[in-house]
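Worksheet: one structure, shown below.
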Amino acid sequence: MSLNKAIAQGKEHRKPYGKTSGTYAKSVDCTCRNHGSCYWCMKNRLHNTRKKEYAMMEAMKEQG
């Protein structure tokens with residue numbers, strides 16, 4: 001089904017980008033998409049990896 005038909009039949013549930021839909025960052029920064037490269041998304045996506053790296057660096061400092 002094409003996008004226009006889905007909208008006409010009321011079966012389209014995706015929200016448009018904009019201030020009113022709650023996805024304002026995606027409408028402002030073109031790199032802010034799924035797996036985007038904007039700073040905020042990258043920081044959130046790599047949080048566990050950074051925690052592990054920090055723990056590894058601390059362990060290396062303790063060993064000498």
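By convention here, the chains of the structure tokens are called A, B, ... in the order presented, each chain's residues are numbered starting at 1, and ligands are numbered starting at 1 in the order presented.
Near Glu12 of chain A, within a cut-off of 8 Å and counting only C-alpha atoms, sit the residues Leu3, Ala6 and Ile7 of chain A, with same-chain residues fewer than 4 positions away left out.
Interatomic distance, atom CA of Met56 of chain A to atom CA of Ser37 of chain A: 24.8 Å.
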